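**Q** Please find one structure pasted underneath; my questions will follow.
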Amino acid sequence: MKYLFALFFSYILGSIPFSFLIAYFCGNVDLRKSGSGNVGATNLYRFCGIKYAFFGFLFDFLKGFFALYISQRFLGINGLNLILTAFAVILGHVFPVFLYFKGGKGVSTTAGVLFFLDYRIFIIIFSFFWLIYFWKKIVSLASVLSALLLIILSILFFSFGILSLERAMFFGIIGFLIIVFHRNNLKRLIKSEEKRVNE
């Protein structure tokens with residue numbers, strides 16, 4: 001029963017569209033009909049600036065972290081069940097019930113999940129993301145390459161006995177899904193049509 005509640009709680013928490021709500025607060029902007037049409041922090045930045053985008057990222061990050069923290073600390077969820085709870089909060093962000101299942105790409109919430117599950121991988125991925133971003137100023141490129149690195153790290157860390165099989169599989173699957181969620185961005189990247197964050 002606790003496990004089912006943890007799944008439900010995590011999905012609902014993941015479904016809260018913080019960047020979408022912040023955009024309405026800062027300028028009555030509907031992110032679904034503006035810019036890229038995405039309800040994440042990057043699109044929020046285009047219309048509300050860096051301060052609001054930071055809070056959009058932060059709240060989405062905290063969704064991922066606290067879904068697992070509460071599930072483990074107060075509900076006693078661990079092991080494979082905790083991994084499935086992590087899936088629930090990320091899928092809640094990508095397919096939120098409050099926005100008719102059309103949400104963000106899952107990057108910020110995944111970052112919060114990574115921080116909770118393995119801070120070492122989080123530090124590597126987080127640093128790599130910003131390295132690519134400051135180089136190219138294209139968030140989608142940084143996200144896709146970071147997801148690819150996550151897949152590679154999951155294999156390496158498991159091979160050296162640093163990660164359990166269940167966590168390695170989870171990181172690999174999430175990395176793959178983030179790439180899939182960015183498939184339209186990938187098409188634009190290939191055609192050199194993807195916009196920089198300030199465009």
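Chains: A, B, ... in order of the structure tokens. Residues: from 1 per chain. Ligands: from 1, in order shown.
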Which polymer residues have any atom within 10 Å of an atom of region 21-30 of chain A, counting only C-alpha atoms, with same-chain residues fewer than 3 positions away left out, as a ChimeraX atom specification?
**A** /A:16-18,33-35,37-41,43-45,47-49,52-53,55-56
**Q** Got time to write the residues from that selection, C-alpha atoms, as a compact mmCIF listing (two decimals), in the first residue's frame?
**A**
# COMPACT_ATOMS: atom_id res chain seq x y z
CA ILE A 16 2.95 20.11 -11.07
CA PRO A 17 4.03 22.38 -13.97
CA PHE A 18 6.09 24.93 -12.07
CA LYS A 33 1.46 28.73 -27.08
CA SER A 34 4.69 30.70 -26.90
CA GLY A 35 8.23 30.20 -28.15
CA GLY A 37 5.76 25.50 -26.96
CA ASN A 38 7.61 23.60 -24.24
CA VAL A 39 6.62 24.17 -20.61
CA GLY A 40 10.15 23.87 -19.25
CA ALA A 41 12.66 26.34 -17.81
CA ASN A 43 11.15 28.41 -22.72
CA LEU A 44 10.38 30.23 -19.48
CA TYR A 45 13.73 32.01 -19.77
CA PHE A 47 9.75 35.24 -21.81
CA CYS A 48 10.48 35.91 -18.15
CA GLY A 49 14.26 36.11 -17.89
CA TYR A 52 12.23 33.22 -13.16
CA ALA A 53 13.88 30.50 -15.25
CA PHE A 55 13.20 29.15 -10.04
CA GLY A 56 11.50 27.08 -12.73
**Q** Write out as a VMD selection string the residues lying within 8 Å of Ile12 (chain A), counting only C-alpha atoms and excluding same-chain residues fewer than 3 positions away.
**A** chain A and resid 8 to 9 15 to 16 89 92 96 to 97
**Q** Looking at A:Leu31, A:Met1, A:Leu131, A:Ile124, which one is nearest to Ile77 (chain A), with distances taken over only C-alpha atoms?
**A**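 Smallest separation from Ile77 (chain A) among the options: A:Met1.
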**Q** One number please: CA of Leu189 (chain A) to CA of Ala86 (chain A), in Å, one decimal.
**A**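 Here the two named atoms are 29.1 Å from each other.
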**Q** So that I can check the surroundings of region 175-187 of chain A, please list as a VMD selection string every protein, DNA and RNA residue that reaches within 7 Å of it, counting only C-alpha atoms and ignoring chain neighbours fewer than 4 positions away.
**A** chain A and resid 105 to 106 140 144 147 to 148 150 to 151 171 191 194
**Q** Using the selection just defined, write its residues with C-alpha atoms as a PDB file, in the first residue's frame.
**A**
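Final output, saved to result_9.pdb:
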ATOM      1  CA  LYS A 105      11.421  17.083 -21.464  1.00  0.00           C
ATOM      2  CA  GLY A 106      12.276  15.787 -17.997  1.00  0.00           C
ATOM      3  CA  SER A 140      18.781  20.909 -26.196  1.00  0.00           C
ATOM      4  CA  VAL A 144      21.018  15.311 -25.412  1.00  0.00           C
ATOM      5  CA  ALA A 147      21.794  12.064 -21.626  1.00  0.00           C
ATOM      6  CA  LEU A 148      24.207  10.182 -23.873  1.00  0.00           C
ATOM      7  CA  LEU A 150      24.537   9.276 -18.619  1.00  0.00           C
ATOM      8  CA  ILE A 151      24.076   6.090 -20.643  1.00  0.00           C
ATOM      9  CA  PHE A 171      20.118   5.631 -15.529  1.00  0.00           C
ATOM     10  CA  LYS A 191      19.513  20.760 -39.945  1.00  0.00           C
ATOM     11  CA  GLU A 194      17.848  24.759 -33.472  1.00  0.00           C
TER      12      GLU A 194
END
**Q** List every residue of chain A that DSSP, applied to the backbone, labels as alpha helix (DSSP H), and write the result as a count of residues only.
**A** 150
**Q** With distances taken over only C-alpha atoms, which of A:Ile123, A:Ile138, A:Ala111, A:Ile83 is nearest to Leu68 (chain A)?
**A**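 Using only C-alpha atoms, the shortest distance to Leu68 (chain A) belongs to A:Ile83.
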**Q** Select, from A:Ser36, A:Thr85, A:Ser164, A:Ser146, the residue with the minimum atom-to-atom distance to Phe66 (chain A), counting only C-alpha atoms.
**A**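 Comparing A:Ser36, A:Thr85, A:Ser164, A:Ser146 against Phe66 (chain A), the winner is A:Thr85.
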**Q** Quick one: distance from CA of Leu13 (chain A) to CA of Leu149 (chain A) in Å, one decimal?
**A**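 If I compute the distance from CA of Leu13 (chain A) to CA of Leu149 (chain A), I get 27.0 Å.
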**Q** What does the distance between CA of Val113 (chain A) and CA of Arg32 (chain A) come to in Å, to one decimal place?
**A** 25.1 Å
**Q** For Leu75 (chain A), find every residue with an atom within 10 Å (counting only C-alpha atoms), except residues of its own chain fewer than 5 positions away, and show them as a ChimeraX atom specification.
**A** /A:1-3,5-6,68-70
**Q** Could you check the closest approach to Leu7 (chain A) for each of A:Phe87, A:Phe95, A:Phe115, A:Phe129 and tell me which residue wins, using only C-alpha atoms?
**A**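 Closest residue, counting only C-alpha atoms: A:Phe87.
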**Q** Would you please work out which residue, of A:Leu80, A:Thr110, A:Gly161, A:Leu141, is nearest to Phe128 (chain A) when using only C-alpha atoms?
**A**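 Checking each of A:Leu80, A:Thr110, A:Gly161, A:Leu141 against Phe128 (chain A), counting only C-alpha atoms, the winner is A:Leu141.
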